$ cat my_file-v7.cif   # mmCIF, C-alpha atoms (C1' of nucleotides)
data_my_file
#
loop_
_atom_site.label_atom_id
_atom_site.label_comp_id
_atom_site.auth_asym_id
_atom_site.auth_seq_id
_atom_site.Cartn_x
_atom_site.Cartn_y
_atom_site.Cartn_z
CA MET A 1 -15.08 -150.40 -41.75
CA ILE A 2 -12.92 -149.05 -38.98
CA HIS A 3 -13.01 -152.29 -36.96
CA GLN A 4 -11.86 -154.45 -39.82
CA PRO A 5 -8.10 -154.47 -39.07
CA LEU A 6 -8.76 -155.50 -35.47
CA ILE A 7 -11.19 -158.23 -36.50
CA GLN A 8 -8.57 -159.50 -38.89
CA HIS A 9 -5.97 -159.44 -36.13
CA ILE A 10 -8.25 -161.38 -33.78
CA ASN A 11 -9.07 -163.96 -36.45
CA ASP A 12 -5.37 -164.52 -37.02
CA GLN A 13 -5.00 -165.62 -33.38
CA VAL A 14 -8.20 -167.30 -32.26
CA LYS A 15 -11.54 -168.59 -33.51
CA ALA A 16 -14.10 -166.06 -32.37
CA SER A 17 -17.76 -166.29 -33.38
CA PRO A 18 -19.41 -163.36 -35.19
CA GLU A 19 -21.37 -162.68 -31.99
CA ASP A 20 -18.19 -162.54 -29.94
CA LEU A 21 -16.64 -160.16 -32.43
CA LEU A 22 -19.70 -157.95 -32.39
CA LEU A 23 -19.61 -157.89 -28.62
CA PHE A 24 -15.98 -156.79 -28.71
CA THR A 25 -16.37 -154.12 -31.34
CA SER A 26 -19.48 -152.72 -29.62
CA LYS A 27 -17.22 -151.78 -26.72
CA LEU A 28 -14.65 -149.91 -28.79
CA ARG A 29 -14.32 -146.19 -29.10
CA GLU A 30 -12.51 -144.54 -32.00
CA VAL A 31 -9.76 -142.10 -31.06
CA ALA A 32 -7.94 -139.71 -33.37
CA VAL A 33 -4.60 -138.23 -32.30
CA ALA A 34 -2.68 -135.61 -34.21
CA LYS A 35 1.08 -135.83 -34.68
CA GLY A 36 2.89 -134.62 -31.60
CA LYS A 37 -0.15 -135.02 -29.33
CA PHE A 38 -0.35 -137.40 -26.39
CA VAL A 39 -2.66 -140.34 -25.90
CA LEU A 40 -1.38 -140.83 -22.39
CA ARG A 41 0.63 -138.85 -19.87
CA PRO A 42 2.17 -139.78 -16.53
CA ASN A 43 0.21 -139.56 -13.30
CA THR A 44 -3.10 -140.41 -14.84
CA TYR A 45 -5.13 -143.47 -14.03
CA VAL A 46 -5.12 -145.63 -17.08
CA LYS A 47 -8.52 -146.73 -18.20
CA HIS A 48 -7.85 -147.89 -21.76
CA GLU A 49 -5.73 -150.04 -23.99
CA TYR A 50 -5.31 -149.00 -27.61
CA PHE A 51 -5.22 -150.76 -30.95
CA VAL A 52 -3.55 -148.86 -33.78
CA VAL A 53 -5.72 -148.76 -36.89
CA GLU A 54 -3.53 -146.23 -38.62
CA GLY A 55 -0.49 -144.17 -37.72
CA CYS A 56 2.64 -144.44 -35.63
CA LEU A 57 3.25 -143.80 -31.93
CA SER A 58 5.93 -144.16 -29.30
CA ALA A 59 5.71 -144.99 -25.61
CA TYR A 60 8.40 -143.73 -23.25
CA TYR A 61 9.39 -143.01 -19.69
CA LEU A 62 11.40 -140.14 -18.27
CA ASP A 63 13.90 -141.41 -15.70
CA GLN A 64 15.10 -139.63 -12.55
CA LYS A 65 17.66 -137.65 -14.54
CA GLY A 66 14.94 -136.56 -16.96
CA ASN A 67 16.21 -138.77 -19.76
CA LYS A 68 13.70 -140.14 -22.21
CA ASN A 69 13.58 -143.91 -22.59
CA ILE A 70 11.50 -145.23 -25.45
CA VAL A 71 10.06 -148.63 -24.57
CA GLN A 72 7.94 -149.25 -27.61
CA PHE A 73 6.99 -148.06 -31.04
CA ALA A 74 3.57 -148.99 -32.39
CA ILE A 75 2.20 -148.90 -35.90
CA GLU A 76 -0.80 -150.45 -37.61
CA ASN A 77 -2.13 -153.60 -35.91
CA TRP A 78 -0.23 -153.14 -32.66
CA TRP A 79 -1.75 -152.85 -29.25
CA LEU A 80 -0.26 -150.40 -26.83
CA GLY A 81 -0.94 -148.99 -23.44
CA ASP A 82 0.57 -148.89 -19.99
CA PHE A 83 0.10 -152.49 -18.93
CA ASP A 84 1.63 -151.85 -15.56
CA ALA A 85 -0.76 -149.02 -14.72
CA PHE A 86 -3.69 -150.76 -16.37
CA TYR A 87 -3.33 -154.07 -14.57
CA ASN A 88 -1.93 -152.94 -11.26
CA GLY A 89 -4.09 -149.87 -10.80
CA VAL A 90 -1.10 -147.64 -10.19
CA PRO A 91 -0.79 -144.21 -11.80
CA SER A 92 0.86 -144.24 -15.19
CA LYS A 93 4.52 -143.33 -15.59
CA LEU A 94 4.33 -143.59 -19.35
CA TYR A 95 3.99 -141.09 -22.15
CA ILE A 96 2.31 -142.23 -25.33
CA GLU A 97 2.88 -139.78 -28.14
CA ALA A 98 1.72 -139.83 -31.75
CA LEU A 99 4.63 -139.62 -34.22
CA GLU A 100 2.13 -139.35 -37.08
CA ASP A 101 -1.54 -138.46 -37.21
CA SER A 102 -3.08 -141.67 -35.89
CA THR A 103 -6.37 -143.46 -35.53
CA LEU A 104 -6.81 -145.79 -32.58
CA LEU A 105 -9.46 -148.03 -31.11
CA ALA A 106 -9.75 -147.78 -27.34
CA ILE A 107 -11.18 -150.33 -24.96
CA ASN A 108 -12.11 -149.42 -21.44
CA GLN A 109 -10.84 -151.44 -18.51
CA ASP A 110 -14.25 -152.30 -17.07
CA ASP A 111 -15.58 -153.19 -20.49
CA LEU A 112 -12.62 -155.48 -21.02
CA GLN A 113 -13.34 -157.31 -17.76
CA ILE A 114 -16.96 -157.72 -18.81
CA LEU A 115 -15.83 -158.91 -22.21
CA PHE A 116 -13.62 -161.56 -20.61
CA GLN A 117 -16.62 -162.80 -18.61
CA GLU A 118 -19.00 -162.86 -21.55
CA ALA A 119 -16.60 -164.16 -24.18
CA PRO A 120 -13.64 -166.03 -22.63
CA ILE A 121 -12.15 -166.47 -26.08
CA PHE A 122 -10.78 -162.96 -25.68
CA GLU A 123 -9.00 -164.02 -22.53
CA ARG A 124 -7.14 -166.36 -24.85
CA TYR A 125 -6.61 -163.67 -27.48
CA PHE A 126 -4.98 -161.37 -24.95
CA ARG A 127 -2.99 -164.20 -23.42
CA LEU A 128 -1.53 -165.01 -26.83
CA LEU A 129 -0.83 -161.33 -27.51
CA VAL A 130 1.02 -160.80 -24.27
CA THR A 131 2.92 -164.05 -24.68
CA SER A 132 4.25 -163.04 -28.05
CA ALA A 133 5.07 -159.57 -26.75
CA PHE A 134 6.94 -161.27 -23.92
CA ILE A 135 8.91 -163.36 -26.37
CA SER A 136 9.94 -160.39 -28.52
CA GLN A 137 10.88 -158.43 -25.45
CA ARG A 138 13.15 -161.25 -24.40
CA LYS A 139 14.83 -161.02 -27.78
CA ARG A 140 15.32 -157.31 -27.18
CA ILE A 141 16.96 -158.00 -23.83
CA LEU A 142 19.37 -160.48 -25.37
CA SER A 143 20.10 -157.93 -28.06
CA SER A 144 20.75 -155.10 -25.63
CA LEU A 145 23.06 -157.20 -23.47
CA GLY A 146 26.42 -157.79 -25.00
CA LYS A 147 25.78 -156.80 -28.59
CA SER A 148 27.38 -153.92 -30.46
CA VAL A 149 25.49 -150.90 -31.73
CA LYS A 150 25.86 -152.23 -35.26
CA GLU A 151 24.38 -155.61 -34.42
CA ARG A 152 21.54 -154.09 -32.43
CA TYR A 153 20.63 -151.75 -35.26
CA LEU A 154 20.56 -154.62 -37.73
CA GLU A 155 18.35 -156.65 -35.43
CA PHE A 156 16.06 -153.66 -35.02
CA CYS A 157 15.69 -153.29 -38.77
CA GLU A 158 14.85 -156.96 -39.04
CA SER A 159 12.34 -156.92 -36.21
CA TYR A 160 10.62 -153.70 -37.29
CA PRO A 161 10.94 -153.55 -41.06
CA ASN A 162 7.85 -151.36 -41.28
CA ILE A 163 8.90 -148.83 -38.68
CA ASN A 164 12.28 -147.91 -40.10
CA GLY A 165 11.83 -144.82 -42.25
CA ARG A 166 8.75 -143.63 -40.41
CA VAL A 167 10.64 -142.78 -37.24
CA PRO A 168 13.66 -140.46 -37.05
CA ASN A 169 16.96 -142.15 -36.35
CA TYR A 170 17.54 -140.37 -33.08
CA GLN A 171 14.38 -141.98 -31.76
CA ILE A 172 15.55 -145.38 -32.93
CA ALA A 173 18.86 -144.67 -31.20
CA ASN A 174 16.97 -143.89 -28.03
CA TYR A 175 15.00 -147.13 -28.29
CA LEU A 176 18.27 -149.02 -28.73
CA GLY A 177 19.77 -147.24 -25.75
CA VAL A 178 22.61 -145.61 -27.68
CA SER A 179 23.43 -142.03 -28.64
CA ALA A 180 22.27 -140.62 -31.96
CA GLU A 181 25.93 -140.05 -32.86
CA SER A 182 26.84 -143.68 -32.26
CA LEU A 183 23.94 -144.88 -34.35
CA SER A 184 24.96 -142.53 -37.13
CA ARG A 185 28.50 -143.90 -37.07
CA ALA A 186 27.26 -147.49 -37.00
CA ARG A 187 25.03 -146.84 -39.99
CA LYS A 188 27.94 -145.29 -41.84
CA LYS A 189 30.08 -148.37 -41.29
CA LEU A 190 27.23 -150.57 -42.49
CA ARG A 191 26.93 -148.47 -45.67
CA GLU A 192 30.65 -148.83 -46.29
CA LEU A 193 30.51 -152.57 -45.76
CA LYS A 194 27.63 -152.88 -48.18
CA LYS A 195 29.49 -151.00 -50.89
CA ALA A 196 32.62 -153.14 -50.61
CA MET B 1 1.29 -181.96 -0.21
CA ILE B 2 3.48 -181.29 -3.19
CA HIS B 3 0.84 -179.27 -5.07
CA GLN B 4 0.19 -176.88 -2.22
CA PRO B 5 2.59 -174.08 -3.29
CA LEU B 6 1.09 -174.02 -6.78
CA ILE B 7 -2.47 -174.01 -5.46
CA GLN B 8 -1.52 -171.10 -3.25
CA HIS B 9 0.00 -169.31 -6.21
CA ILE B 10 -3.14 -169.83 -8.29
CA ASN B 11 -5.38 -168.63 -5.48
CA ASP B 12 -3.34 -165.47 -5.20
CA GLN B 13 -4.23 -164.62 -8.78
CA VAL B 14 -7.69 -165.96 -9.59
CA LYS B 15 -10.73 -167.57 -8.02
CA ALA B 16 -10.59 -171.20 -9.07
CA SER B 17 -13.07 -173.75 -7.75
CA PRO B 18 -11.80 -176.86 -5.92
CA GLU B 19 -12.86 -178.89 -8.96
CA ASP B 20 -10.83 -176.67 -11.27
CA LEU B 21 -7.81 -176.98 -9.00
CA LEU B 22 -8.17 -180.73 -8.86
CA LEU B 23 -8.37 -180.84 -12.63
CA PHE B 24 -5.16 -178.84 -12.88
CA THR B 25 -3.20 -180.80 -10.32
CA SER B 26 -4.32 -184.10 -11.84
CA LYS B 27 -2.38 -183.14 -14.95
CA LEU B 28 0.89 -182.37 -13.17
CA ARG B 29 3.93 -184.55 -13.03
CA GLU B 30 6.58 -184.20 -10.36
CA VAL B 31 10.14 -183.79 -11.61
CA ALA B 32 13.32 -183.90 -9.54
CA VAL B 33 16.53 -182.42 -10.94
CA ALA B 34 19.90 -182.65 -9.27
CA LYS B 35 22.24 -179.66 -9.09
CA GLY B 36 24.08 -179.20 -12.37
CA LYS B 37 21.63 -181.30 -14.36
CA PHE B 38 19.47 -179.99 -17.20
CA VAL B 39 15.70 -179.80 -17.38
CA LEU B 40 15.88 -178.65 -20.96
CA ARG B 41 18.48 -178.53 -23.70
CA PRO B 42 18.53 -176.88 -27.14
CA ASN B 43 17.14 -178.60 -30.19
CA THR B 44 14.45 -180.47 -28.35
CA TYR B 45 10.76 -180.02 -28.88
CA VAL B 46 9.39 -178.48 -25.77
CA LYS B 47 6.44 -180.26 -24.31
CA HIS B 48 6.30 -178.85 -20.79
CA GLU B 49 6.25 -175.75 -18.69
CA TYR B 50 7.58 -175.99 -15.15
CA PHE B 51 6.60 -174.64 -11.75
CA VAL B 52 9.36 -174.56 -9.15
CA VAL B 53 8.26 -176.13 -5.87
CA GLU B 54 11.74 -176.09 -4.43
CA GLY B 55 15.21 -175.19 -5.65
CA CYS B 56 16.89 -172.75 -7.97
CA LEU B 57 17.47 -172.85 -11.72
CA SER B 58 18.75 -170.70 -14.54
CA ALA B 59 17.69 -170.46 -18.16
CA TYR B 60 20.20 -169.37 -20.77
CA TYR B 61 21.10 -169.22 -24.44
CA LEU B 62 24.46 -169.65 -26.10
CA ASP B 63 24.95 -167.03 -28.81
CA GLN B 64 26.82 -167.43 -32.12
CA LYS B 65 30.16 -166.76 -30.42
CA GLY B 66 29.39 -169.40 -27.81
CA ASN B 67 28.78 -166.89 -25.05
CA LYS B 68 26.31 -167.79 -22.35
CA ASN B 69 23.41 -165.38 -21.84
CA ILE B 70 21.29 -165.97 -18.78
CA VAL B 71 17.73 -164.83 -19.42
CA GLN B 72 16.12 -165.90 -16.20
CA PHE B 73 16.66 -167.28 -12.74
CA ALA B 74 13.83 -169.17 -11.10
CA ILE B 75 13.27 -170.11 -7.49
CA GLU B 76 10.28 -171.31 -5.47
CA ASN B 77 6.90 -170.29 -6.96
CA TRP B 78 8.22 -169.27 -10.35
CA TRP B 79 7.16 -170.73 -13.65
CA LEU B 80 9.78 -171.33 -16.27
CA GLY B 81 10.14 -172.90 -19.65
CA ASP B 82 10.91 -171.95 -23.20
CA PHE B 83 7.80 -169.96 -24.10
CA ASP B 84 9.01 -169.36 -27.61
CA ALA B 85 9.50 -173.04 -28.36
CA PHE B 86 6.41 -174.06 -26.40
CA TYR B 87 4.01 -171.66 -28.10
CA ASN B 88 5.50 -171.49 -31.56
CA GLY B 89 6.36 -175.14 -31.93
CA VAL B 90 9.96 -174.38 -32.88
CA PRO B 91 12.87 -176.35 -31.44
CA SER B 92 14.20 -174.95 -28.19
CA LYS B 93 17.32 -172.80 -28.12
CA LEU B 94 17.32 -172.65 -24.35
CA TYR B 95 19.21 -174.45 -21.62
CA ILE B 96 17.49 -174.83 -18.27
CA GLU B 97 19.94 -175.94 -15.61
CA ALA B 98 19.44 -176.63 -11.92
CA LEU B 99 21.71 -174.51 -9.71
CA GLU B 100 20.50 -176.46 -6.67
CA ASP B 101 18.75 -179.80 -6.28
CA SER B 102 15.24 -178.88 -7.35
CA THR B 103 11.70 -180.17 -7.38
CA LEU B 104 9.42 -179.06 -10.19
CA LEU B 105 5.88 -179.63 -11.35
CA ALA B 106 5.57 -180.14 -15.09
CA ILE B 107 2.53 -179.62 -17.24
CA ASN B 108 2.32 -181.06 -20.71
CA GLN B 109 1.39 -178.88 -23.67
CA ASP B 110 -1.61 -180.94 -24.79
CA ASP B 111 -2.87 -181.21 -21.24
CA LEU B 112 -2.61 -177.46 -20.87
CA GLN B 113 -4.72 -176.94 -23.98
CA ILE B 114 -7.32 -179.34 -22.63
CA LEU B 115 -7.19 -177.58 -19.29
CA PHE B 116 -7.86 -174.24 -20.97
CA GLN B 117 -10.92 -175.75 -22.66
CA GLU B 118 -12.27 -177.38 -19.55
CA ALA B 119 -11.48 -174.62 -17.08
CA PRO B 120 -11.06 -171.23 -18.79
CA ILE B 121 -10.16 -169.68 -15.45
CA PHE B 122 -6.64 -170.98 -16.09
CA GLU B 123 -6.53 -169.08 -19.34
CA ARG B 124 -6.88 -166.04 -17.11
CA TYR B 125 -4.30 -167.34 -14.62
CA PHE B 126 -1.70 -167.72 -17.36
CA ARG B 127 -2.66 -164.41 -18.96
CA LEU B 128 -2.03 -162.66 -15.65
CA LEU B 129 1.24 -164.54 -15.16
CA VAL B 130 2.59 -163.61 -18.55
CA THR B 131 1.43 -160.04 -18.19
CA SER B 132 3.32 -159.58 -14.97
CA ALA B 133 6.36 -161.30 -16.44
CA PHE B 134 6.09 -158.88 -19.36
CA ILE B 135 6.01 -155.92 -17.00
CA SER B 136 9.07 -157.04 -15.04
CA GLN B 137 10.92 -157.73 -18.24
CA ARG B 138 10.22 -154.20 -19.37
CA LYS B 139 11.75 -152.97 -16.14
CA ARG B 140 14.81 -155.05 -16.89
CA ILE B 141 15.11 -153.48 -20.32
CA LEU B 142 14.93 -149.99 -18.87
CA SER B 143 17.53 -151.02 -16.34
CA SER B 144 19.92 -152.46 -18.91
CA LEU B 145 19.68 -149.41 -21.15
CA GLY B 146 21.62 -146.44 -19.89
CA LYS B 147 22.19 -147.47 -16.29
CA SER B 148 25.56 -148.10 -14.68
CA VAL B 149 26.68 -151.47 -13.38
CA LYS B 150 26.22 -150.20 -9.83
CA GLU B 151 22.63 -149.13 -10.44
CA ARG B 152 21.78 -152.31 -12.26
CA TYR B 153 23.15 -154.46 -9.48
CA LEU B 154 21.15 -152.53 -6.88
CA GLU B 155 18.00 -152.95 -8.92
CA PHE B 156 18.70 -156.65 -9.28
CA CYS B 157 19.05 -157.05 -5.52
CA GLU B 158 15.76 -155.25 -5.05
CA SER B 159 13.92 -157.25 -7.69
CA TYR B 160 15.29 -160.61 -6.60
CA PRO B 161 15.91 -160.35 -2.85
CA ASN B 162 15.59 -164.12 -2.49
CA ILE B 163 17.96 -165.07 -5.24
CA ASN B 164 20.98 -163.09 -4.14
CA GLY B 165 23.18 -165.40 -2.08
CA ARG B 166 21.89 -168.56 -3.72
CA VAL B 167 23.53 -167.82 -7.04
CA PRO B 168 27.24 -167.09 -7.56
CA ASN B 169 28.07 -163.49 -8.46
CA TYR B 170 29.53 -164.35 -11.83
CA GLN B 171 26.14 -165.71 -12.84
CA ILE B 172 24.43 -162.56 -11.64
CA ALA B 173 26.99 -160.59 -13.65
CA ASN B 174 26.08 -162.64 -16.69
CA TYR B 175 22.38 -161.99 -16.16
CA LEU B 176 23.12 -158.26 -15.90
CA GLY B 177 25.21 -158.41 -19.05
CA VAL B 178 28.44 -157.26 -17.40
CA SER B 179 31.75 -158.93 -16.67
CA ALA B 180 32.34 -160.64 -13.33
CA GLU B 181 35.24 -158.23 -12.74
CA SER B 182 33.05 -155.17 -13.23
CA LEU B 183 30.42 -156.50 -10.89
CA SER B 184 33.08 -157.22 -8.28
CA ARG B 185 34.36 -153.65 -8.55
CA ALA B 186 30.84 -152.21 -8.38
CA ARG B 187 30.12 -154.25 -5.25
CA LYS B 188 33.35 -153.03 -3.71
CA LYS B 189 32.37 -149.40 -4.28
CA LEU B 190 28.95 -150.05 -2.77
CA ARG B 191 30.57 -151.59 0.32
CA GLU B 192 32.81 -148.54 0.69
CA LEU B 193 29.85 -146.19 0.31
CA LYS B 194 27.94 -148.09 2.96
CA LYS B 195 30.80 -147.84 5.45
CA ALA B 196 31.22 -144.08 4.98
"C1'" DT C 1 12.53 -117.86 -51.79
"C1'" DA C 2 14.54 -116.77 -47.41
"C1'" DA C 3 14.74 -118.02 -42.91
"C1'" DA C 4 14.17 -121.16 -39.33
"C1'" DA C 5 13.65 -125.48 -37.36
"C1'" DT C 6 14.75 -130.18 -37.18
"C1'" DG C 7 17.56 -134.06 -37.95
"C1'" DA C 8 21.97 -136.29 -39.44
"C1'" DT C 9 26.76 -136.41 -39.64
"C1'" DT C 10 31.55 -135.62 -38.36
"C1'" DG C 11 35.58 -134.67 -35.40
"C1'" DA C 12 38.05 -134.40 -30.92
"C1'" DC C 13 38.17 -136.01 -26.62
"C1'" DC C 14 36.85 -138.70 -22.40
"C1'" DT C 15 35.11 -142.36 -19.52
"C1'" DA C 16 32.92 -146.68 -18.06
"C1'" DA C 17 33.43 -151.10 -18.59
"C1'" DA C 18 35.78 -155.04 -21.15
"C1'" DT C 19 39.74 -157.80 -21.44
"C1'" DC C 20 43.90 -160.00 -19.96
"C1'" DA C 21 46.66 -161.71 -16.30
"C1'" DA C 22 47.64 -162.74 -11.66
"C1'" DT C 23 46.55 -163.29 -6.95
"C1'" DT C 24 43.64 -164.37 -3.07
"C1'" DA C 25 39.96 -166.70 -0.47
"C1'" DG C 26 36.94 -170.30 0.68
"C1'" DG C 27 34.97 -174.56 0.46
"C1'" DC C 28 35.30 -179.51 -0.36
"C1'" DT C 29 38.04 -183.89 -0.80
"C1'" DT C 30 41.04 -187.52 0.62
"C1'" DA D 1 46.26 -180.65 7.47
"C1'" DA D 2 47.49 -180.60 2.41
"C1'" DG D 3 45.96 -180.09 -1.81
"C1'" DC D 4 42.35 -178.86 -5.20
"C1'" DC D 5 38.63 -176.70 -7.17
"C1'" DT D 6 35.72 -172.81 -7.78
"C1'" DA D 7 34.75 -168.13 -7.11
"C1'" DA D 8 36.08 -163.45 -6.11
"C1'" DT D 9 39.17 -159.82 -6.21
"C1'" DT D 10 42.75 -156.67 -7.88
"C1'" DG D 11 45.82 -154.36 -11.21
"C1'" DA D 12 47.15 -152.87 -15.91
"C1'" DT D 13 45.63 -151.92 -20.31
"C1'" DT D 14 42.42 -151.40 -24.17
"C1'" DT D 15 38.25 -150.12 -26.41
"C1'" DA D 16 33.45 -149.12 -27.55
"C1'" DG D 17 30.60 -145.84 -27.07
"C1'" DG D 18 29.40 -141.34 -24.68
"C1'" DT D 19 29.78 -136.33 -24.62
"C1'" DC D 20 30.58 -131.85 -26.49
"C1'" DA D 21 30.79 -128.81 -30.28
"C1'" DA D 22 30.34 -127.78 -35.06
"C1'" DT D 23 28.75 -128.36 -39.55
"C1'" DC D 24 25.75 -130.04 -43.11
"C1'" DA D 25 21.17 -131.46 -45.02
"C1'" DT D 26 16.40 -131.42 -45.16
"C1'" DT D 27 11.90 -129.99 -44.30
"C1'" DT D 28 8.66 -126.45 -42.70
"C1'" DT D 29 7.05 -122.08 -42.21
"C1'" DA D 30 6.64 -117.30 -43.05
#

$ encode --input "my_file-v7.cif" --output "structure tokens"
Amino acid sequence: MIHQPLIQHINDQVKASPEDLLLFTSKLREVAVAKGKFVLRPNTYVKHEYFVVEGCLSAYYLDQKGNKNIVQFAIENWWLGDFDAFYNGVPSKLYIEALEDSTLLAINQDDLQILFQEAPIFERYFRLLVTSAFISQRKRILSSLGKSVKERYLEFCESYPNINGRVPNYQIANYLGVSAESLSRARKKLRELKKA
Amino acid sequence: MIHQPLIQHINDQVKASPEDLLLFTSKLREVAVAKGKFVLRPNTYVKHEYFVVEGCLSAYYLDQKGNKNIVQFAIENWWLGDFDAFYNGVPSKLYIEALEDSTLLAINQDDLQILFQEAPIFERYFRLLVTSAFISQRKRILSSLGKSVKERYLEFCESYPNINGRVPNYQIANYLGVSAESLSRARKKLRELKKA
DNA sequence: TAAAATGATTGACCTAAATCAATTAGGCTT
DNA sequence: AAGCCTAATTGATTTAGGTCAATCATTTTA
């Protein structure tokens, strides 16, 4: 069943009763996105958060100079959305684009508030989710400050073993904040090291 | 009363009843730390999170090469602690050092769990806290990737208007992931721009 | 299968920021 | 006031990584 991966994910974090789970899943809507299509674009009011059942997506901003800045990749069992827009009621600045044909579960903002009222266990579930996202983001900050391209790429491969291979290198380079050329050179050096 | 700033902070985020608030504050312990002293050191099991009533602190890691990496400053009305160690039960890798004589409120891990059971509103309070910390951290990532020292310093001053002046520049440089010399030069250029 | 995109790699060159080494400027002590 | 820290600044030099321009490799599409 389509909800199964999410139920599994919830059970890994908290003890929710079957009724709670049913309440949650009753509020979900299935969303299919084809490769290259957008789940979210800037200047829209964000009404949903998404759980990835299948597929691969990226979330990015365009800065003043028009440069793309990838803030997140998401594959199976990841949540994604524009938290800033969602929680602060400001228009989104984020693009969310499918890198593969993807299947998502969407939850509406109002429904989520109701869910929190009716089943506070999900308040905990989301608190734990955001906390662990916060912790990994902190690792990313430490990695981006004062580490070489080589080191950052290695850390990326460790942190996202399942993403590497599904996403082109120039997108990984973007996520790491380096040029595609630099990443290519770093990877070459790593290959040479491995051989020797 | 010592708890007042925290109560204010809670009220800004959620609607907690007087009983809930009393329950929370009953679990707090006041901690005084002198300038230069540590609230937390690596390789300890972290049993508390801290709310800053007064003062200024920094949290940092030492990397493999022994370099200091400041991950956070905290002043009045900020929470700080080693989330990773606290939530995942691993030994801390973080130093938390007082940059000024400081007064903190500490909450114990077990007490916090009990609090969440007895007053789920605080589950929400902490969820909202972590979510907004997550959002500002994301901004920091975007700032550290692909922006110049000058831009990053300006963004820092905007984000932390109350910290600038209380913390020496070489520590701000460290937080930004640049050398003290580079920050000094960037500040010089900004001064010259302002004059012209 | 040819042609056309798309992505990866390589080379030459350039620039922002790091590093190294003094020098200067303010606070605090005594 | 003299000396002593600590922090900030400045100059000279080096370097990692960016940029620009081609070339190569690989999928996709016609």

$ interface_residues --input "my_file-v7.cif" --of "chain B" --to "chain C" --cutoff "10 Å" --atoms "all atoms listed in the file" --output "list in words"
Ser148, Val149, Val178, Ser179, Glu181, Ser182 and Leu183 of chain B

$ resolve_selection --input "my_file-v7.cif" --expression "the PyMOL selection byres ((chain D) within 8 of (chain B))" --output "list in words"
DA7, DA8 and DT9 of chain D

$ axis_aligned_box --input "my_file-v7.cif" --around "region 102-110 of chain A" --padding-each-side "8 Å" --output "AutoDock Vina command-line options"
--center_x -8.7 --center_y -147.0 --center_z -26.5 --size_x 27.2 --size_y 26.6 --size_z 34.8

$ resolve_selection --input "my_file-v7.cif" --expression "the PyMOL selection byres ((chain A) within 9 of (chain B))" --output "PyMOL selection string"
chain A and resi 61+69-71+83-84+87+116+120-121+123-124+126-128+130-135+137-138+140-142+144-146+175-178

$ resolve_selection --input "my_file-v7.cif" --expression "the PyMOL selection byres ((chain B and resi 109) around 9)" --output "JSON, numbers by chain"
{"B": [46, 47, 48, 49, 86, 87, 107, 108, 110, 111, 112, 113, 114]}

$ residues_around --input "my_file-v7.cif" --residues "Leu22 (chain B)" --least-positions-apart "5" --cutoff "10 Å" --atoms "all atoms listed in the file" --output "number ranges by chain"
B: 3, 7, 16-17, 27

$ residues_around --input "my_file-v7.cif" --residues "region 95-98 of chain A" --least-positions-apart "6" --cutoff "7 Å" --atoms "all atoms listed in the file" --output "PyMOL selection string"
chain A and resi 33-42+56-61

$ residues_around --input "my_file-v7.cif" --residues "Asn77 (chain B)" --least-positions-apart "2" --cutoff "9 Å" --atoms "all atoms listed in the file" --output "list in words"
Pro5, Leu6, His9, Phe51, Val52, Val53, Glu54, Ala74, Ile75 and Trp79 of chain B

$ atom_distance --input "my_file-v7.cif" --atom1 "CA of Tyr153 (chain A)" --atom2 "CA of Glu76 (chain A)"
21.6 Å

$ atom_distance --input "my_file-v7.cif" --atom1 "CA of Cys157 (chain B)" --atom2 "CA of Lys189 (chain B)"
15.4 Å

$ residues_around --input "my_file-v7.cif" --residues "Lys150 (chain B)" --least-positions-apart "4" --cutoff "8 Å" --atoms "only C-alpha atoms (C1' of nucleotides)" --output "list in words"
Leu154, Leu183, Ala186, Arg187 and Leu190 of chain B
